[in-house]
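Data file: target_34.pdb. Format and content: PDB, C-alpha atoms.
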ATOM      1  CA  MET A   1      49.437  24.269  13.815
ATOM      2  CA  LYS A   2      52.691  22.520  13.019
ATOM      3  CA  TYR A   3      53.816  20.146  15.729
ATOM      4  CA  GLN A   4      57.432  20.504  14.655
ATOM      5  CA  ASP A   5      57.385  24.233  15.483
ATOM      6  CA  ILE A   6      56.415  23.487  19.088
ATOM      7  CA  ILE A   7      58.985  20.704  19.423
ATOM      8  CA  ASP A   8      61.657  23.028  17.983
ATOM      9  CA  LYS A   9      60.744  25.775  20.455
ATOM     10  CA  TYR A  10      61.095  23.621  23.590
ATOM     11  CA  TYR A  11      63.625  20.920  22.639
ATOM     12  CA  GLU A  12      67.146  21.884  21.604
ATOM     13  CA  SER A  13      68.264  20.537  18.255
ATOM     14  CA  GLY A  14      70.606  17.579  18.655
ATOM     15  CA  SER A  15      69.902  17.145  22.371
ATOM     16  CA  PRO A  16      69.439  13.622  23.738
ATOM     17  CA  LEU A  17      66.029  14.549  25.173
ATOM     18  CA  ARG A  18      64.792  15.816  21.819
ATOM     19  CA  GLU A  19      65.912  12.577  20.176
ATOM     20  CA  ILE A  20      64.099  10.523  22.842
ATOM     21  CA  LEU A  21      60.927  12.610  22.510
ATOM     22  CA  ILE A  22      60.872  12.438  18.729
ATOM     23  CA  ARG A  23      61.692   8.729  18.538
ATOM     24  CA  HIS A  24      59.018   7.848  21.106
ATOM     25  CA  SER A  25      56.388  10.169  19.635
ATOM     26  CA  ARG A  26      57.067   8.956  16.083
ATOM     27  CA  SER A  27      56.603   5.336  17.232
ATOM     28  CA  VAL A  28      53.304   6.256  18.918
ATOM     29  CA  ALA A  29      52.193   8.186  15.819
ATOM     30  CA  ASP A  30      53.038   5.298  13.485
ATOM     31  CA  LYS A  31      51.135   2.788  15.624
ATOM     32  CA  ALA A  32      48.135   5.102  16.024
ATOM     33  CA  LEU A  33      48.042   5.789  12.283
ATOM     34  CA  ALA A  34      48.287   2.072  11.469
ATOM     35  CA  ILE A  35      45.373   1.340  13.807
ATOM     36  CA  ALA A  36      43.315   4.236  12.428
ATOM     37  CA  ARG A  37      43.809   2.998   8.868
ATOM     38  CA  ALA A  38      43.251  -0.689   9.651
ATOM     39  CA  LYS A  39      40.087  -0.005  11.660
ATOM     40  CA  HIS A  40      38.867   2.712   9.256
ATOM     41  CA  LEU A  41      38.484   5.123  12.162
ATOM     42  CA  ASN A  42      36.685   8.347  11.404
ATOM     43  CA  LEU A  43      39.678  10.537  12.241
ATOM     44  CA  ASP A  44      41.763  12.999  10.270
ATOM     45  CA  TYR A  45      45.163  11.318   9.970
ATOM     46  CA  ARG A  46      46.946  14.682  10.278
ATOM     47  CA  ASP A  47      45.208  15.169  13.634
ATOM     48  CA  VAL A  48      46.316  11.702  14.733
ATOM     49  CA  GLU A  49      49.924  12.482  13.835
ATOM     50  CA  THR A  50      49.864  15.925  15.473
ATOM     51  CA  ALA A  51      48.338  14.634  18.705
ATOM     52  CA  ALA A  52      50.793  11.737  18.875
ATOM     53  CA  MET A  53      53.795  13.954  18.223
ATOM     54  CA  LEU A  54      52.747  16.407  20.972
ATOM     55  CA  HIS A  55      51.276  14.105  23.639
ATOM     56  CA  ASP A  56      54.546  14.127  25.669
ATOM     57  CA  ILE A  57      55.613  17.726  24.983
ATOM     58  CA  GLY A  58      55.729  18.474  28.728
ATOM     59  CA  ILE A  59      58.362  15.907  29.711
ATOM     60  CA  TYR A  60      61.241  18.403  29.742
ATOM     61  CA  GLN A  61      59.706  20.081  32.797
ATOM     62  CA  THR A  62      59.941  16.875  34.842
ATOM     63  CA  ASP A  63      62.605  15.201  36.931
ATOM     64  CA  ALA A  64      63.356  11.966  35.094
ATOM     65  CA  PRO A  65      67.135  11.811  34.583
ATOM     66  CA  GLY A  66      66.912   8.323  33.075
ATOM     67  CA  ILE A  67      65.336   9.885  29.993
ATOM     68  CA  GLN A  68      67.352  13.110  30.091
ATOM     69  CA  CYS A  69      64.638  15.195  31.823
ATOM     70  CA  PHE A  70      66.129  17.552  34.393
ATOM     71  CA  GLY A  71      63.135  19.662  35.405
ATOM     72  CA  LYS A  72      61.653  20.072  38.863
ATOM     73  CA  GLU A  73      58.207  18.507  38.516
ATOM     74  CA  PRO A  74      57.283  14.856  39.175
ATOM     75  CA  TYR A  75      57.207  12.866  35.930
ATOM     76  CA  LEU A  76      53.571  11.937  36.528
ATOM     77  CA  ARG A  77      52.693  15.581  35.812
ATOM     78  CA  HIS A  78      54.117  15.603  32.272
ATOM     79  CA  GLY A  79      50.676  15.309  30.686
ATOM     80  CA  VAL A  80      49.063  18.197  32.568
ATOM     81  CA  LEU A  81      52.229  20.287  32.114
ATOM     82  CA  GLY A  82      52.184  19.559  28.397
ATOM     83  CA  ALA A  83      48.506  20.496  28.192
ATOM     84  CA  GLU A  84      49.221  23.817  29.927
ATOM     85  CA  LEU A  85      52.095  24.493  27.519
ATOM     86  CA  LEU A  86      49.938  23.665  24.495
ATOM     87  CA  ARG A  87      47.162  25.958  25.714
ATOM     88  CA  ARG A  88      49.678  28.807  26.192
ATOM     89  CA  GLU A  89      50.916  28.195  22.651
ATOM     90  CA  GLY A  90      47.360  28.563  21.323
ATOM     91  CA  ALA A  91      46.963  24.908  20.354
ATOM     92  CA  PRO A  92      43.422  23.667  19.840
ATOM     93  CA  ALA A  93      41.795  22.321  23.015
ATOM     94  CA  TRP A  94      41.596  18.798  21.584
ATOM     95  CA  ILE A  95      45.404  18.576  21.336
ATOM     96  CA  ALA A  96      45.861  19.752  24.924
ATOM     97  CA  ARG A  97      43.307  17.195  26.124
ATOM     98  CA  VAL A  98      45.230  14.359  24.455
ATOM     99  CA  ALA A  99      48.356  15.382  26.383
ATOM    100  CA  GLU A 100      46.416  15.800  29.622
ATOM    101  CA  ARG A 101      44.559  12.485  29.483
ATOM    102  CA  HIS A 102      47.059   9.956  28.110
ATOM    103  CA  THR A 103      48.901   9.114  31.343
ATOM    104  CA  GLY A 104      48.528   5.436  32.212
ATOM    105  CA  ALA A 105      45.158   4.374  30.893
ATOM    106  CA  GLY A 106      43.755   7.579  32.359
ATOM    107  CA  LEU A 107      43.091   8.509  35.974
ATOM    108  CA  THR A 108      39.834   9.471  37.627
ATOM    109  CA  ALA A 109      39.669  12.343  40.097
ATOM    110  CA  GLU A 110      38.766   9.734  42.748
ATOM    111  CA  GLU A 111      41.919   7.713  42.017
ATOM    112  CA  ILE A 112      44.041  10.873  42.057
ATOM    113  CA  LYS A 113      42.640  11.859  45.460
ATOM    114  CA  ARG A 114      42.813   8.350  46.938
ATOM    115  CA  GLN A 115      46.418   7.846  45.861
ATOM    116  CA  GLY A 116      47.500  11.386  46.732
ATOM    117  CA  LEU A 117      48.871  11.946  43.239
ATOM    118  CA  PRO A 118      50.294  15.359  42.303
ATOM    119  CA  LEU A 119      47.571  15.983  39.724
ATOM    120  CA  PRO A 120      44.388  18.089  39.582
ATOM    121  CA  THR A 121      41.571  16.577  41.640
ATOM    122  CA  ASP A 122      38.754  18.660  40.172
ATOM    123  CA  ARG A 123      38.271  16.485  37.081
ATOM    124  CA  ASP A 124      38.878  13.068  35.583
ATOM    125  CA  LEU A 125      41.953  12.725  33.394
ATOM    126  CA  VAL A 126      40.588   9.788  31.430
ATOM    127  CA  PRO A 127      40.691   9.709  27.615
ATOM    128  CA  GLU A 128      37.188  10.305  26.286
ATOM    129  CA  THR A 129      37.233  11.069  22.578
ATOM    130  CA  LEU A 130      38.213   8.536  19.929
ATOM    131  CA  LEU A 131      41.459  10.420  19.292
ATOM    132  CA  GLU A 132      42.307  10.632  23.019
ATOM    133  CA  ARG A 133      41.685   6.908  23.447
ATOM    134  CA  LEU A 134      43.702   5.992  20.358
ATOM    135  CA  ILE A 135      46.799   7.973  21.369
ATOM    136  CA  CYS A 136      46.565   6.735  24.956
ATOM    137  CA  TYR A 137      46.403   3.144  23.709
ATOM    138  CA  ALA A 138      49.253   3.440  21.184
ATOM    139  CA  ASP A 139      51.451   5.153  23.788
ATOM    140  CA  LYS A 140      51.310   2.172  26.146
ATOM    141  CA  PHE A 141      53.358   0.090  23.698
ATOM    142  CA  PHE A 142      56.441   2.338  23.722
ATOM    143  CA  SER A 143      58.808   3.370  26.488
ATOM    144  CA  LYS A 144      61.089   6.378  26.408
ATOM    145  CA  SER A 145      63.948   4.315  27.847
ATOM    146  CA  GLY A 146      65.734   1.088  27.035
ATOM    147  CA  ASP A 147      65.565  -0.146  23.460
ATOM    148  CA  MET A 148      62.332   1.806  22.835
ATOM    149  CA  LYS A 149      61.017  -1.016  20.661
ATOM    150  CA  GLU A 150      57.338  -1.919  20.689
ATOM    151  CA  LYS A 151      56.371  -3.891  23.785
ATOM    152  CA  PRO A 152      54.345  -7.084  23.420
ATOM    153  CA  LEU A 153      50.741  -6.921  24.637
ATOM    154  CA  GLU A 154      51.407  -9.128  27.681
ATOM    155  CA  ARG A 155      54.157  -6.785  28.864
ATOM    156  CA  VAL A 156      51.812  -3.805  28.502
ATOM    157  CA  ARG A 157      49.140  -5.654  30.480
ATOM    158  CA  ALA A 158      51.633  -6.455  33.246
ATOM    159  CA  SER A 159      52.678  -2.809  33.394
ATOM    160  CA  MET A 160      49.060  -1.621  33.610
ATOM    161  CA  ALA A 161      48.294  -4.181  36.332
ATOM    162  CA  LYS A 162      50.999  -2.628  38.537
ATOM    163  CA  PHE A 163      48.866   0.514  38.736
ATOM    164  CA  GLY A 164      45.823  -1.374  39.961
ATOM    165  CA  PRO A 165      42.743  -3.098  38.641
ATOM    166  CA  GLU A 166      41.080   0.127  37.457
ATOM    167  CA  SER A 167      44.043   0.943  35.242
ATOM    168  CA  LEU A 168      44.174  -2.569  33.815
ATOM    169  CA  ARG A 169      40.402  -2.552  33.209
ATOM    170  CA  ARG A 170      40.603   0.724  31.281
ATOM    171  CA  PHE A 171      43.535  -0.594  29.248
ATOM    172  CA  GLU A 172      41.600  -3.769  28.408
ATOM    173  CA  GLU A 173      38.704  -1.616  27.189
ATOM    174  CA  LEU A 174      41.115   0.260  24.922
ATOM    175  CA  ASN A 175      42.596  -3.018  23.734
ATOM    176  CA  ARG A 176      39.165  -4.370  22.805
ATOM    177  CA  GLU A 177      38.434  -1.174  20.914
ATOM    178  CA  PHE A 178      41.691  -0.961  18.965
ATOM    179  CA  SER A 179      43.170  -4.461  18.624
TER     180      SER A 179
END
Take the structure from the file and write it as structure tokens.
Amino acid sequence: MKYQDIIDKYYESGSPLREILIRHSRSVADKALAIARAKHLNLDYRDVETAAMLHDIGIYQTDAPGIQCFGKEPYLRHGVLGAELLRREGAPAWIARVAERHTGAGLTAEEIKRQGLPLPTDRDLVPETLLERLICYADKFFSKSGDMKEKPLERVRASMAKFGPESLRRFEELNREFS
């Protein structure tokens, strides 16, 4: 599977949203690949790049005008929407799971229910595999708005803390694993 084919199918060439998606995803891919190499992770680097480049494929379906998304769905759903899209496209399950589980530092079904989030409540959406955890971690360092430069660790921690102690705890576990 070529990630570029899927991006080309859903994101118009030259559009601002495509440029945002590609710039963000490339930054996440580069960070994830650097970590994988530095830590000698037992991962196929092509899989790391593919997963990173497709983790946000569902954003176009969401309502986030600040990043040129003019869909109807809440932005929080971009991961599950992307996973559905990837499954329809015949992508391997592991790629869809990366998209589905990267939001925040992951969300448990209990947290989804308790907070009334517009996400499936029948399962946890927490990164489990090494690849899922790596992409989730690398993603936290890059925004799709503003200057899009890599955020310092303390800024990422502050952002995770806003979503509660469970989110911050999971991020700190990822940080211990990959820093």
Checklist entry - Mind telling me what the PyMOL selection byres ((chain A and resi 26) around 12) catches here, as a PyMOL selection string? => result chain A and resi 3-4+18-25+27-33+48-56+135+138-139+142-144+148-150
Checklist entry - What does the PyMOL selection byres ((chain A and resi 121) around 12) select in this file, as a list in words? => result Val80, Leu107, Thr108, Ala109, Glu110, Glu111, Ile112, Lys113, Arg114, Gln115, Gly116, Leu117, Pro118, Leu119, Pro120, Asp122, Arg123, Asp124 and Leu125 of chain A
Assuming the chain letters and numbering stay as they are in my file, what does the PyMOL selection byres ((chain A and resi 98) around 9) actually select? List them as a PDB file with C-alpha atoms, in the coordinates of the input.
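Contents of selection.pdb, as written:
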ATOM      1  CA  ALA A  51      48.338  14.634  18.705  1.00  0.00           C
ATOM      2  CA  ALA A  52      50.793  11.737  18.875  1.00  0.00           C
ATOM      3  CA  LEU A  54      52.747  16.407  20.972  1.00  0.00           C
ATOM      4  CA  HIS A  55      51.276  14.105  23.639  1.00  0.00           C
ATOM      5  CA  GLY A  79      50.676  15.309  30.686  1.00  0.00           C
ATOM      6  CA  ALA A  83      48.506  20.496  28.192  1.00  0.00           C
ATOM      7  CA  ALA A  93      41.795  22.321  23.015  1.00  0.00           C
ATOM      8  CA  TRP A  94      41.596  18.798  21.584  1.00  0.00           C
ATOM      9  CA  ILE A  95      45.404  18.576  21.336  1.00  0.00           C
ATOM     10  CA  ALA A  96      45.861  19.752  24.924  1.00  0.00           C
ATOM     11  CA  ARG A  97      43.307  17.195  26.124  1.00  0.00           C
ATOM     12  CA  ALA A  99      48.356  15.382  26.383  1.00  0.00           C
ATOM     13  CA  GLU A 100      46.416  15.800  29.622  1.00  0.00           C
ATOM     14  CA  ARG A 101      44.559  12.485  29.483  1.00  0.00           C
ATOM     15  CA  HIS A 102      47.059   9.956  28.110  1.00  0.00           C
ATOM     16  CA  PRO A 127      40.691   9.709  27.615  1.00  0.00           C
ATOM     17  CA  THR A 129      37.233  11.069  22.578  1.00  0.00           C
ATOM     18  CA  LEU A 131      41.459  10.420  19.292  1.00  0.00           C
ATOM     19  CA  GLU A 132      42.307  10.632  23.019  1.00  0.00           C
ATOM     20  CA  ARG A 133      41.685   6.908  23.447  1.00  0.00           C
ATOM     21  CA  ILE A 135      46.799   7.973  21.369  1.00  0.00           C
ATOM     22  CA  CYS A 136      46.565   6.735  24.956  1.00  0.00           C
TER      23      CYS A 136
END
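Going from CA of Asp47 in chain A over to CA of Leu134 in chain A, you cover 11.5 Å.
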Checklist entry - To one decimal place, how far is CA of Leu17 in chain A from CA of Gly90 in chain A in Å? => result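 Going from CA of Leu17 in chain A over to CA of Gly90 in chain A, I get 23.7 Å.
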